[in-house]
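This report concerns only the one structure given below.
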There are 2 protein chains.
Amino acid sequence: MLSKKTKYAIVALVHIAKRNTKDPIIARDIADAEKIPYKFLESILLDLKKAAILTSRKGKGGGYLLHRPPQDISLAEIMRLFDGPLALLPCVTHTYYERCEECKDEQTCGIRSVFLELRNYTVELLKGATIANILNREFSLLSVNSDD
Amino acid sequence: MLSKKTKYAIVALVHIAKRNTKDPIIARDIADAEKIPYKFLESILLDLKKAAILTSRKGKGGGYLLHRPPQDISLAEIMRLFDGPLALLPCVTHTYYERCEECKDEQTCGIRSVFLELRNYTVELLKGATIANILNREFSLLSVNSDD
DNA sequence: TTTAATCCTATAGGATTAATAGAATTTATA
DNA sequence: TATAAATTCTATTAATCCTATAGGATTAAA
């Protein structure tokens, strides 16, 4: 399961991207609208800023803004930022690679082979799942559901 | 990431299935061969027994045996047993379904749509990844790697 | 009766998660 | 220049989960 932190981060980013204004939005408004604990959200937004996904303006009239276009922010990046590697085994990650102690031969390990396959698909899907892509999905789902 | 418990469970089951004998194997031997802490492994094997994946014989000459053919034991089942649902959001699981508090409309939620897609693929892959399938994968990888 | 195995209960330490509190800093604007 | 409004920083807490261990009860074969 995703951690709440990751889930809140995604929800917050989608919320920010959905507005059609270039004015900054304050943490309080996101927290209220999406029912995210305010102080918890604050720390999440800070992390997103450190990762150069958001930018911010301090003081009165300040708030948060996307630092990049929505099509350049993917769930893969957000999930890695808060929950670490997408892979389910350390021996199939690229950036966090670690050998399994008990493993006799990684090249012929059947368990690894399964989780490598799963990882490759997952990374591909989640790299494509950008904030822009999520908004597109909502648009598509909306028109499908309004058919009745 | 998989918990150690799940990883050890998979490793242990593959170990048991690999032997070509119908004699039971004792926890100690699995622990030694696969470098799994003995007492920890014991509790894992117990859980696998409760789930009717293993069967056991007590007393001298006892030990553990597969309770079903290896093609009827999937990673999906093992992972669910120890780590819970395969899905990354509670709103896309079948058996553990829970609505997201903040969600306005599940049917048109773009975030959910991504994780539903991911879940469906994951479940399909992991249901196919039986212990028998893992052994087949090892056999295939072995012959590929012996080419040189 | 001894030995060897599973089975059961309890618990400890550590890490992680989710959240809260409070103060410092920055900035717009009245 | 004072004030209000916002981010930023530091610290702490409570709860839960993860990993592992200990010790004894039970069962069964030899």
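Going by the structure tokens order, chains are called A, B, ..., each with residues numbered from 1, while ligands are numbered from 1 in the order shown.
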
Interface, chain A side, toward chain D (12 Å; only C-alpha atoms (C1' of nucleotides)) as a PyMOL selection string = chain A and resi 24-28+39+42-43+45-47+49-50+55-64

Store the residues of this selection in a file with N, CA and C atoms, as a compact mmCIF listing (two decimals), in the first residue's frame.
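Dumped everything to result-v5.txt:
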# COMPACT_ATOMS: atom_id res chain seq x y z
N PRO A 24 -0.55 31.49 -6.67
CA PRO A 24 -0.19 30.41 -5.74
C PRO A 24 -1.38 30.01 -4.88
N ILE A 25 -1.33 28.76 -4.42
CA ILE A 25 -2.38 28.26 -3.53
C ILE A 25 -1.77 27.98 -2.16
N ILE A 26 -2.49 28.30 -1.10
CA ILE A 26 -1.92 28.09 0.23
C ILE A 26 -2.25 26.70 0.76
N ALA A 27 -1.36 26.21 1.61
CA ALA A 27 -1.48 24.87 2.16
C ALA A 27 -2.84 24.65 2.84
N ARG A 28 -3.29 25.68 3.56
CA ARG A 28 -4.56 25.59 4.27
C ARG A 28 -5.72 25.20 3.33
N LYS A 39 -0.83 20.35 9.23
CA LYS A 39 0.59 20.35 9.54
C LYS A 39 1.34 19.23 8.82
N GLU A 42 1.83 20.35 5.29
CA GLU A 42 2.92 21.32 5.24
C GLU A 42 4.26 20.64 4.99
N SER A 43 4.51 19.59 5.76
CA SER A 43 5.81 18.93 5.63
C SER A 43 5.94 18.22 4.28
N LEU A 45 4.51 19.25 1.46
CA LEU A 45 4.75 20.28 0.44
C LEU A 45 6.21 20.74 0.47
N LEU A 46 6.74 20.80 1.68
CA LEU A 46 8.16 21.15 1.83
C LEU A 46 9.05 20.16 1.08
N ASP A 47 8.74 18.88 1.26
CA ASP A 47 9.52 17.84 0.58
C ASP A 47 9.38 17.96 -0.93
N LYS A 49 8.86 20.60 -2.50
CA LYS A 49 9.62 21.77 -2.92
C LYS A 49 11.10 21.42 -3.03
N LYS A 50 11.61 20.72 -2.03
CA LYS A 50 13.02 20.31 -2.05
C LYS A 50 13.33 19.47 -3.29
N THR A 55 7.21 24.96 -6.28
CA THR A 55 7.95 26.14 -5.88
C THR A 55 7.03 26.91 -4.95
N SER A 56 7.58 27.86 -4.20
CA SER A 56 6.74 28.53 -3.22
C SER A 56 7.08 30.02 -3.11
N ARG A 57 6.12 30.76 -2.59
CA ARG A 57 6.37 32.15 -2.25
C ARG A 57 5.98 32.35 -0.80
N LYS A 58 6.88 32.91 -0.04
CA LYS A 58 6.61 33.12 1.39
C LYS A 58 5.80 34.39 1.60
N GLY A 59 5.30 34.53 2.80
CA GLY A 59 4.64 35.77 3.20
C GLY A 59 3.26 35.95 2.60
N LYS A 60 2.68 37.06 2.91
CA LYS A 60 1.32 37.37 2.48
C LYS A 60 1.18 37.25 0.96
N GLY A 61 0.09 36.65 0.53
CA GLY A 61 -0.12 36.45 -0.90
C GLY A 61 0.72 35.33 -1.48
N GLY A 62 1.44 34.64 -0.58
CA GLY A 62 2.31 33.55 -1.04
C GLY A 62 1.54 32.25 -1.18
N GLY A 63 2.28 31.16 -1.22
CA GLY A 63 1.66 29.85 -1.38
C GLY A 63 2.52 28.98 -2.28
N TYR A 64 1.89 27.95 -2.82
CA TYR A 64 2.64 26.98 -3.64
C TYR A 64 2.20 26.99 -5.09

message = Can you work out which residues from chain B touch chain A at a cut-off of 6 Å (counting only C-alpha atoms) and hand them back as a list in words?
response = Met1, Leu2, Glu34, Lys35, Leu88, Leu89, Glu102, Thr108, Cys109, Gly110, Ile134, Arg137, Glu138, Leu141 and Leu142 of chain B

Those same residues, written as an mmCIF file, in the first residue's frame with N, CA and C atoms?
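Dumped everything to part.cif:
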data_model
loop_
_atom_site.group_PDB
_atom_site.id
_atom_site.type_symbol
_atom_site.label_atom_id
_atom_site.label_comp_id
_atom_site.auth_asym_id
_atom_site.auth_seq_id
_atom_site.Cartn_x
_atom_site.Cartn_y
_atom_site.Cartn_z
ATOM 1 N N MET B 1 8.359 -2.627 -1.036
ATOM 2 C CA MET B 1 9.234 -3.788 -0.859
ATOM 3 C C MET B 1 8.510 -4.909 -0.110
ATOM 4 N N LEU B 2 8.851 -6.135 -0.480
ATOM 5 C CA LEU B 2 8.335 -7.283 0.258
ATOM 6 C C LEU B 2 8.873 -7.250 1.684
ATOM 7 N N GLU B 34 19.045 -21.807 3.635
ATOM 8 C CA GLU B 34 18.647 -20.525 3.045
ATOM 9 C C GLU B 34 19.023 -19.323 3.916
ATOM 10 N N LYS B 35 19.735 -19.583 4.977
ATOM 11 C CA LYS B 35 20.190 -18.509 5.879
ATOM 12 C C LYS B 35 19.033 -17.664 6.413
ATOM 13 N N LEU B 88 -2.184 -1.016 -4.356
ATOM 14 C CA LEU B 88 -1.499 0.069 -3.652
ATOM 15 C C LEU B 88 -2.467 1.073 -3.037
ATOM 16 N N LEU B 89 -3.746 0.970 -3.398
ATOM 17 C CA LEU B 89 -4.757 1.828 -2.785
ATOM 18 C C LEU B 89 -5.921 0.959 -2.308
ATOM 19 N N GLU B 102 -11.352 11.221 1.196
ATOM 20 C CA GLU B 102 -11.326 12.505 0.501
ATOM 21 C C GLU B 102 -11.915 12.442 -0.908
ATOM 22 N N THR B 108 -14.755 8.442 -11.358
ATOM 23 C CA THR B 108 -14.026 9.337 -12.260
ATOM 24 C C THR B 108 -12.689 9.787 -11.671
ATOM 25 N N CYS B 109 -12.199 9.063 -10.674
ATOM 26 C CA CYS B 109 -10.932 9.444 -10.044
ATOM 27 C C CYS B 109 -9.758 8.974 -10.900
ATOM 28 N N GLY B 110 -8.966 9.927 -11.371
ATOM 29 C CA GLY B 110 -7.832 9.606 -12.242
ATOM 30 C C GLY B 110 -6.734 8.854 -11.518
ATOM 31 N N ILE B 134 7.942 -20.774 -10.985
ATOM 32 C CA ILE B 134 9.260 -20.275 -10.585
ATOM 33 C C ILE B 134 10.343 -21.304 -10.893
ATOM 34 N N ARG B 137 10.970 -21.194 -14.532
ATOM 35 C CA ARG B 137 11.783 -20.029 -14.870
ATOM 36 C C ARG B 137 13.260 -20.306 -14.615
ATOM 37 N N GLU B 138 13.542 -20.973 -13.491
ATOM 38 C CA GLU B 138 14.938 -21.270 -13.166
ATOM 39 C C GLU B 138 15.536 -22.206 -14.201
ATOM 40 N N LEU B 141 16.212 -20.160 -17.349
ATOM 41 C CA LEU B 141 17.363 -19.270 -17.163
ATOM 42 C C LEU B 141 18.673 -20.057 -17.147
ATOM 43 N N LEU B 142 18.597 -21.251 -16.588
ATOM 44 C CA LEU B 142 19.780 -22.100 -16.508
ATOM 45 C C LEU B 142 20.286 -22.460 -17.902
#

Same-sequence superposition of chain B onto chain A, all C-alpha, as a PDB file with C-alpha atoms, in the first residue's frame:
ATOM      1  CA  MET B   1      -0.037  -0.064  -0.009  1.00  0.00           C
ATOM      2  CA  LEU B   2       0.939   3.539  -0.581  1.00  0.00           C
ATOM      3  CA  SER B   3       1.804   5.489   2.556  1.00  0.00           C
ATOM      4  CA  LYS B   4      -0.563   8.311   3.429  1.00  0.00           C
ATOM      5  CA  LYS B   5       2.259  10.695   2.706  1.00  0.00           C
ATOM      6  CA  THR B   6       2.499   9.543  -0.901  1.00  0.00           C
ATOM      7  CA  LYS B   7      -1.243   9.497  -1.346  1.00  0.00           C
ATOM      8  CA  TYR B   8      -1.605  13.001   0.088  1.00  0.00           C
ATOM      9  CA  ALA B   9       1.235  14.220  -2.123  1.00  0.00           C
ATOM     10  CA  ILE B  10      -0.469  12.917  -5.249  1.00  0.00           C
ATOM     11  CA  VAL B  11      -3.846  14.299  -4.221  1.00  0.00           C
ATOM     12  CA  ALA B  12      -2.302  17.675  -3.453  1.00  0.00           C
ATOM     13  CA  LEU B  13      -0.464  17.870  -6.773  1.00  0.00           C
ATOM     14  CA  VAL B  14      -3.571  16.950  -8.734  1.00  0.00           C
ATOM     15  CA  HIS B  15      -5.470  19.566  -6.760  1.00  0.00           C
ATOM     16  CA  ILE B  16      -2.904  22.237  -7.586  1.00  0.00           C
ATOM     17  CA  ALA B  17      -2.798  21.308 -11.260  1.00  0.00           C
ATOM     18  CA  LYS B  18      -6.565  21.313 -11.613  1.00  0.00           C
ATOM     19  CA  ARG B  19      -6.982  25.025 -10.963  1.00  0.00           C
ATOM     20  CA  ASN B  20      -6.727  27.230 -14.011  1.00  0.00           C
ATOM     21  CA  THR B  21      -4.842  30.105 -12.474  1.00  0.00           C
ATOM     22  CA  LYS B  22      -1.209  31.005 -12.036  1.00  0.00           C
ATOM     23  CA  ASP B  23      -1.717  32.365  -8.536  1.00  0.00           C
ATOM     24  CA  PRO B  24      -0.126  30.383  -5.735  1.00  0.00           C
ATOM     25  CA  ILE B  25      -2.338  28.241  -3.543  1.00  0.00           C
ATOM     26  CA  ILE B  26      -1.849  28.066   0.218  1.00  0.00           C
ATOM     27  CA  ALA B  27      -1.424  24.843   2.155  1.00  0.00           C
ATOM     28  CA  ARG B  28      -4.494  25.563   4.258  1.00  0.00           C
ATOM     29  CA  ASP B  29      -6.793  25.586   1.217  1.00  0.00           C
ATOM     30  CA  ILE B  30      -5.457  22.270  -0.058  1.00  0.00           C
ATOM     31  CA  ALA B  31      -5.739  20.732   3.410  1.00  0.00           C
ATOM     32  CA  ASP B  32      -9.345  21.859   3.783  1.00  0.00           C
ATOM     33  CA  ALA B  33     -10.447  20.887   0.294  1.00  0.00           C
ATOM     34  CA  GLU B  34      -8.799  17.459   0.349  1.00  0.00           C
ATOM     35  CA  LYS B  35      -9.230  16.702   4.053  1.00  0.00           C
ATOM     36  CA  ILE B  36      -5.517  16.356   4.705  1.00  0.00           C
ATOM     37  CA  PRO B  37      -4.164  17.214   8.208  1.00  0.00           C
ATOM     38  CA  TYR B  38      -2.696  20.670   7.801  1.00  0.00           C
ATOM     39  CA  LYS B  39       0.649  20.273   9.556  1.00  0.00           C
ATOM     40  CA  PHE B  40       1.227  16.928   7.907  1.00  0.00           C
ATOM     41  CA  LEU B  41       0.528  18.437   4.503  1.00  0.00           C
ATOM     42  CA  GLU B  42       2.963  21.254   5.229  1.00  0.00           C
ATOM     43  CA  SER B  43       5.833  18.822   5.629  1.00  0.00           C
ATOM     44  CA  ILE B  44       4.810  17.014   2.454  1.00  0.00           C
ATOM     45  CA  LEU B  45       4.742  20.222   0.420  1.00  0.00           C
ATOM     46  CA  LEU B  46       8.159  21.078   1.804  1.00  0.00           C
ATOM     47  CA  ASP B  47       9.509  17.751   0.567  1.00  0.00           C
ATOM     48  CA  LEU B  48       7.939  18.322  -2.836  1.00  0.00           C
ATOM     49  CA  LYS B  49       9.635  21.676  -2.927  1.00  0.00           C
ATOM     50  CA  LYS B  50      13.026  20.222  -2.065  1.00  0.00           C
ATOM     51  CA  ALA B  51      12.501  17.773  -4.920  1.00  0.00           C
ATOM     52  CA  ALA B  52      11.898  20.674  -7.299  1.00  0.00           C
ATOM     53  CA  ILE B  53       8.366  19.524  -8.035  1.00  0.00           C
ATOM     54  CA  LEU B  54       6.805  22.529  -6.358  1.00  0.00           C
ATOM     55  CA  THR B  55       8.003  26.053  -5.917  1.00  0.00           C
ATOM     56  CA  SER B  56       6.793  28.463  -3.283  1.00  0.00           C
ATOM     57  CA  ARG B  57       6.437  32.080  -2.324  1.00  0.00           C
ATOM     58  CA  LYS B  58       6.757  33.066   1.295  1.00  0.00           C
ATOM     59  CA  GLY B  59       4.861  35.730   3.172  1.00  0.00           C
ATOM     60  CA  LYS B  60       1.506  37.319   2.542  1.00  0.00           C
ATOM     61  CA  GLY B  61       0.001  36.423  -0.812  1.00  0.00           C
ATOM     62  CA  GLY B  62       2.393  33.505  -1.038  1.00  0.00           C
ATOM     63  CA  GLY B  63       1.736  29.814  -1.408  1.00  0.00           C
ATOM     64  CA  TYR B  64       2.696  26.942  -3.660  1.00  0.00           C
ATOM     65  CA  LEU B  65       2.968  26.509  -7.413  1.00  0.00           C
ATOM     66  CA  LEU B  66       3.994  23.696  -9.708  1.00  0.00           C
ATOM     67  CA  HIS B  67       7.623  24.099 -10.609  1.00  0.00           C
ATOM     68  CA  ARG B  68       7.264  22.052 -13.802  1.00  0.00           C
ATOM     69  CA  PRO B  69       4.518  21.381 -16.315  1.00  0.00           C
ATOM     70  CA  PRO B  70       2.138  18.609 -15.152  1.00  0.00           C
ATOM     71  CA  GLN B  71       3.298  16.293 -17.944  1.00  0.00           C
ATOM     72  CA  ASP B  72       6.780  16.303 -16.387  1.00  0.00           C
ATOM     73  CA  ILE B  73       5.693  15.107 -12.936  1.00  0.00           C
ATOM     74  CA  SER B  74       5.098  11.375 -12.714  1.00  0.00           C
ATOM     75  CA  LEU B  75       3.765   9.079 -10.027  1.00  0.00           C
ATOM     76  CA  ALA B  76       6.998   7.127 -10.336  1.00  0.00           C
ATOM     77  CA  GLU B  77       8.925  10.146  -9.109  1.00  0.00           C
ATOM     78  CA  ILE B  78       6.503  10.991  -6.300  1.00  0.00           C
ATOM     79  CA  MET B  79       6.306   7.422  -5.029  1.00  0.00           C
ATOM     80  CA  ARG B  80      10.066   7.013  -5.049  1.00  0.00           C
ATOM     81  CA  LEU B  81      10.438  10.280  -3.181  1.00  0.00           C
ATOM     82  CA  PHE B  82       8.252   9.230  -0.255  1.00  0.00           C
ATOM     83  CA  ASP B  83       8.087   5.430  -0.298  1.00  0.00           C
ATOM     84  CA  GLY B  84      11.422   4.520  -1.833  1.00  0.00           C
ATOM     85  CA  PRO B  85      11.980   2.084  -4.688  1.00  0.00           C
ATOM     86  CA  LEU B  86       9.079   0.849  -6.805  1.00  0.00           C
ATOM     87  CA  ALA B  87      10.504  -2.659  -7.018  1.00  0.00           C
ATOM     88  CA  LEU B  88       9.486  -5.283  -4.476  1.00  0.00           C
ATOM     89  CA  LEU B  89      12.958  -6.792  -4.116  1.00  0.00           C
ATOM     90  CA  PRO B  90      16.227  -4.907  -3.600  1.00  0.00           C
ATOM     91  CA  CYS B  91      17.907  -7.075  -6.251  1.00  0.00           C
ATOM     92  CA  VAL B  92      15.689  -5.723  -9.056  1.00  0.00           C
ATOM     93  CA  THR B  93      15.988  -2.003  -8.419  1.00  0.00           C
ATOM     94  CA  HIS B  94      18.388   0.138 -10.369  1.00  0.00           C
ATOM     95  CA  THR B  95      19.113   2.976  -7.981  1.00  0.00           C
ATOM     96  CA  TYR B  96      18.747   1.139  -4.677  1.00  0.00           C
ATOM     97  CA  TYR B  97      20.252  -2.159  -5.801  1.00  0.00           C
ATOM     98  CA  GLU B  98      21.306  -4.589  -3.110  1.00  0.00           C
ATOM     99  CA  ARG B  99      22.196  -8.206  -3.457  1.00  0.00           C
ATOM    100  CA  CYS B 100      20.108 -10.808  -1.605  1.00  0.00           C
ATOM    101  CA  GLU B 101      22.349 -12.468   0.974  1.00  0.00           C
ATOM    102  CA  GLU B 102      20.911 -15.904   0.538  1.00  0.00           C
ATOM    103  CA  CYS B 103      20.942 -15.822  -3.255  1.00  0.00           C
ATOM    104  CA  LYS B 104      23.282 -18.303  -4.906  1.00  0.00           C
ATOM    105  CA  ASP B 105      23.048 -16.962  -8.438  1.00  0.00           C
ATOM    106  CA  GLU B 106      21.131 -13.854  -9.283  1.00  0.00           C
ATOM    107  CA  GLN B 107      21.181 -14.532 -13.012  1.00  0.00           C
ATOM    108  CA  THR B 108      19.218 -17.749 -12.649  1.00  0.00           C
ATOM    109  CA  CYS B 109      16.999 -16.865  -9.685  1.00  0.00           C
ATOM    110  CA  GLY B 110      13.380 -17.636 -10.565  1.00  0.00           C
ATOM    111  CA  ILE B 111      12.011 -15.439  -7.803  1.00  0.00           C
ATOM    112  CA  ARG B 112      14.015 -12.484  -9.038  1.00  0.00           C
ATOM    113  CA  SER B 113      12.811 -13.112 -12.567  1.00  0.00           C
ATOM    114  CA  VAL B 114       9.172 -12.665 -11.497  1.00  0.00           C
ATOM    115  CA  PHE B 115       9.816  -9.465  -9.600  1.00  0.00           C
ATOM    116  CA  LEU B 116      11.964  -8.054 -12.353  1.00  0.00           C
ATOM    117  CA  GLU B 117       9.105  -8.508 -14.791  1.00  0.00           C
ATOM    118  CA  LEU B 118       6.703  -6.867 -12.356  1.00  0.00           C
ATOM    119  CA  ARG B 119       9.074  -3.990 -11.724  1.00  0.00           C
ATOM    120  CA  ASN B 120       9.595  -3.281 -15.385  1.00  0.00           C
ATOM    121  CA  TYR B 121       5.883  -3.042 -16.045  1.00  0.00           C
ATOM    122  CA  THR B 122       5.303  -0.956 -12.923  1.00  0.00           C
ATOM    123  CA  VAL B 123       8.024   1.557 -13.766  1.00  0.00           C
ATOM    124  CA  GLU B 124       6.751   1.927 -17.311  1.00  0.00           C
ATOM    125  CA  LEU B 125       3.163   2.469 -16.179  1.00  0.00           C
ATOM    126  CA  LEU B 126       4.033   4.895 -13.387  1.00  0.00           C
ATOM    127  CA  LYS B 127       6.410   6.932 -15.499  1.00  0.00           C
ATOM    128  CA  GLY B 128       3.557   7.420 -17.945  1.00  0.00           C
ATOM    129  CA  ALA B 129       1.195   8.311 -15.129  1.00  0.00           C
ATOM    130  CA  THR B 130       2.002  12.006 -14.967  1.00  0.00           C
ATOM    131  CA  ILE B 131      -0.196  14.605 -13.319  1.00  0.00           C
ATOM    132  CA  ALA B 132      -1.284  15.635 -16.808  1.00  0.00           C
ATOM    133  CA  ASN B 133      -2.098  12.016 -17.626  1.00  0.00           C
ATOM    134  CA  ILE B 134      -4.217  11.736 -14.490  1.00  0.00           C
ATOM    135  CA  LEU B 135      -6.207  14.813 -15.473  1.00  0.00           C
ATOM    136  CA  ASN B 136      -6.730  13.308 -18.930  1.00  0.00           C
ATOM    137  CA  ARG B 137      -7.945  10.096 -17.353  1.00  0.00           C
ATOM    138  CA  GLU B 138     -10.472  12.051 -15.305  1.00  0.00           C
ATOM    139  CA  PHE B 139     -11.678  13.816 -18.416  1.00  0.00           C
ATOM    140  CA  SER B 140     -12.131  10.515 -20.238  1.00  0.00           C
ATOM    141  CA  LEU B 141     -13.902   8.878 -17.312  1.00  0.00           C
ATOM    142  CA  LEU B 142     -16.166  11.887 -16.994  1.00  0.00           C
ATOM    143  CA  SER B 143     -17.406  11.665 -20.564  1.00  0.00           C
ATOM    144  CA  VAL B 144     -17.892   7.902 -20.307  1.00  0.00           C
ATOM    145  CA  ASN B 145     -19.922   8.281 -17.133  1.00  0.00           C
ATOM    146  CA  SER B 146     -22.092  11.071 -18.500  1.00  0.00           C
ATOM    147  CA  ASP B 147     -23.426   8.789 -21.228  1.00  0.00           C
ATOM    148  CA  ASP B 148     -26.399   7.673 -19.187  1.00  0.00           C
TER     149      ASP B 148
END

message = To test your reading of the structure, identify every residue in segment 77-138 of chain B that backbone DSSP assigns to helix (DSSP H, G or I), and report it as number ranges by chain.
response = B: 77-83, 90-92, 106-108, 110-128, 131-138

query = What residues in segment 17-109 of chain A get the DSSP label strand (DSSP E or B)? Please answer as a ChimeraX atom specification.
reply = /A:25,54-57,63-66,74
